[in-house]
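What follows is a single structure, written as structure tokens, with notes after it.
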Amino acid sequence: NCLELADEFAGADMAIIIDAMSSGRPPGTIDRFDAHEAPLPAPRVRSSTHAFGVADAIELARALGWLPPAVTVFGIEGADFDVGEGLSPAVDAAVD
């Protein structure tokens, strides 16, 4: 959950996060964000099923003073966010 992820940041020197995103771009598109410099673009980084996502955890950690000096987020554009197993072929190829 959001608080657990924010708590993981406390005391860390750096964090690298890889998560799905949804921006309407082709599946498998990868974006890199420096989350320490600025908030993540909210429409791109998906919220979890609990309505809190990576962007929320980062902003919570920032507000609490727990955000590491270096936070890099890699967002991989997803193809299908329905419940199920496995990656689409385009996303699978991008992950490699």
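Ordering of the structure tokens sets the chain letters (A, B, ...), residue numbers begin anew at 1 in every chain, and ligands are numbered from 1 in the order given.
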Quiz item: If you count only C-alpha atoms, which residues fall within 9 Å of stretch 55-68 of chain A, apart from same-chain ones fewer than 2 positions away, as a list in words?
Solution: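 Once the adjacent positions are removed, what remains is Asn1, Cys2, Leu3, Glu4, Leu5, Ala6, Asp7, Glu8, Phe9, Ala10, Gly11, Ala12, Asp13, Met14, Ala15, Ala35, His36, Pro39, Leu40, Pro41, Ala42, Val45, Arg46, Ser47, Phe52, Gly53, Ala70 and Val71 of chain A.
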I need the residues from that last selection saved to file as a PDB file, in the first residue's frame (with C-alpha atoms), if you can.
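Ended up saving to again-v2.pdb:
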ATOM      1  CA  ASN A   1       0.000   0.000   0.000  1.00  0.00           C
ATOM      2  CA  CYS A   2       0.912   3.666  -0.231  1.00  0.00           C
ATOM      3  CA  LEU A   3       2.133   4.025   3.361  1.00  0.00           C
ATOM      4  CA  GLU A   4       4.249   0.862   3.183  1.00  0.00           C
ATOM      5  CA  LEU A   5       5.958   2.060  -0.006  1.00  0.00           C
ATOM      6  CA  ALA A   6       6.530   5.531   1.468  1.00  0.00           C
ATOM      7  CA  ASP A   7       7.975   3.879   4.586  1.00  0.00           C
ATOM      8  CA  GLU A   8      10.432   1.908   2.420  1.00  0.00           C
ATOM      9  CA  PHE A   9      11.909   5.236   1.290  1.00  0.00           C
ATOM     10  CA  ALA A  10      12.791   6.363   4.827  1.00  0.00           C
ATOM     11  CA  GLY A  11      16.554   6.294   5.283  1.00  0.00           C
ATOM     12  CA  ALA A  12      17.290   5.114   1.729  1.00  0.00           C
ATOM     13  CA  ASP A  13      19.949   6.838  -0.367  1.00  0.00           C
ATOM     14  CA  MET A  14      18.119   6.122  -3.596  1.00  0.00           C
ATOM     15  CA  ALA A  15      15.079   4.373  -5.018  1.00  0.00           C
ATOM     16  CA  ALA A  35      10.664  11.967  -8.934  1.00  0.00           C
ATOM     17  CA  HIS A  36      12.939  13.800  -6.526  1.00  0.00           C
ATOM     18  CA  PRO A  39       5.993  15.207  -8.838  1.00  0.00           C
ATOM     19  CA  LEU A  40       5.169  12.465 -11.326  1.00  0.00           C
ATOM     20  CA  PRO A  41       2.726  13.411 -14.063  1.00  0.00           C
ATOM     21  CA  ALA A  42      -0.439  12.085 -12.411  1.00  0.00           C
ATOM     22  CA  VAL A  45       1.149   6.755 -13.530  1.00  0.00           C
ATOM     23  CA  ARG A  46      -1.770   4.499 -12.656  1.00  0.00           C
ATOM     24  CA  SER A  47      -3.340   4.239  -9.250  1.00  0.00           C
ATOM     25  CA  PHE A  52      -3.305   4.992  -4.221  1.00  0.00           C
ATOM     26  CA  GLY A  53      -0.368   4.494  -6.525  1.00  0.00           C
ATOM     27  CA  ALA A  70      17.594  10.135  -5.773  1.00  0.00           C
ATOM     28  CA  VAL A  71      14.279   8.648  -6.954  1.00  0.00           C
TER      29      VAL A  71
END
Compile the contact shell of A:Thr72 as a short mmCIF file (atom, residue, chain, number, x, y, z; two decimals) with all heavy atoms, in the first residue's frame: residues with an atom at most 6 Å away, counting only C-alpha atoms, same-chain residues fewer than 2 positions apart removed.
data_model
loop_
_atom_site.label_atom_id
_atom_site.label_comp_id
_atom_site.auth_asym_id
_atom_site.auth_seq_id
_atom_site.Cartn_x
_atom_site.Cartn_y
_atom_site.Cartn_z
N ILE A 16 14.69 3.13 -7.04
CA ILE A 16 14.36 2.92 -8.45
C ILE A 16 13.04 2.15 -8.46
O ILE A 16 12.94 1.09 -7.85
CB ILE A 16 15.45 2.14 -9.19
CG1 ILE A 16 16.76 2.93 -9.18
CG2 ILE A 16 15.01 1.83 -10.62
CD1 ILE A 16 17.96 2.17 -9.71
N PHE A 33 11.36 9.13 -15.16
CA PHE A 33 11.05 10.33 -14.41
C PHE A 33 12.00 10.46 -13.22
O PHE A 33 12.30 9.47 -12.56
CB PHE A 33 9.62 10.28 -13.85
CG PHE A 33 8.56 10.06 -14.90
CD1 PHE A 33 8.03 8.80 -15.12
CD2 PHE A 33 8.10 11.13 -15.67
CE1 PHE A 33 7.06 8.60 -16.08
CE2 PHE A 33 7.13 10.93 -16.63
CZ PHE A 33 6.61 9.67 -16.84
N ASP A 34 12.47 11.67 -12.95
CA ASP A 34 13.22 11.96 -11.73
C ASP A 34 12.22 12.49 -10.72
O ASP A 34 11.84 13.66 -10.75
CB ASP A 34 14.31 12.99 -12.01
CG ASP A 34 15.14 13.30 -10.77
OD1 ASP A 34 14.71 12.96 -9.64
OD2 ASP A 34 16.22 13.89 -10.92
N ALA A 35 11.73 11.62 -9.87
CA ALA A 35 10.66 11.97 -8.93
C ALA A 35 11.14 12.85 -7.79
O ALA A 35 10.33 13.45 -7.10
CB ALA A 35 10.02 10.70 -8.38
#
Practice problem: Could you find all residues in chain A that DSSP calls strand (DSSP E) from the backbone, and write them as a ChimeraX atom specification? | Solution: /A:14-21,30-34,70-77
Quiz prompt | Atomic separation - atom CA of A:Pro27 relative to atom CA of A:Gly86, Å | solution =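 Going from atom CA of A:Gly86 over to atom CA of A:Pro27, I get 14.0 Å.
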Practice problem: Compare A:Ala79, A:Val91, A:Val73, A:Val54 by their minimum atom-to-atom distance to A:Gly28, counting only C-alpha atoms, and give me the closest one. | Solution: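 Comparing A:Ala79, A:Val91, A:Val73, A:Val54 against A:Gly28, the winner is A:Val91.
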Quiz item: What residues in chain A get the DSSP label helix (DSSP H, G or I)? Please answer as a list of chain:residue names.
Solution: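 Filtering chain A down to helix (DSSP H, G or I) leaves A:Cys2, A:Leu3, A:Glu4, A:Leu5, A:Ala6, A:Asp7, A:Glu8, A:Phe9, A:Val54, A:Ala55, A:Asp56, A:Ala57, A:Ile58, A:Glu59, A:Leu60, A:Ala61, A:Arg62, A:Ala63, A:Leu64, A:Pro89, A:Ala90, A:Val91, A:Asp92, A:Ala93, A:Ala94, A:Val95.
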Quiz prompt | Selected residue, from A:Pro89, A:Ser23, A:Ile18, A:Ala94, that lies nearest to A:Gly75 when counting only C-alpha atoms | solution =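 Of all the options, A:Ile18 lies closest to A:Gly75.
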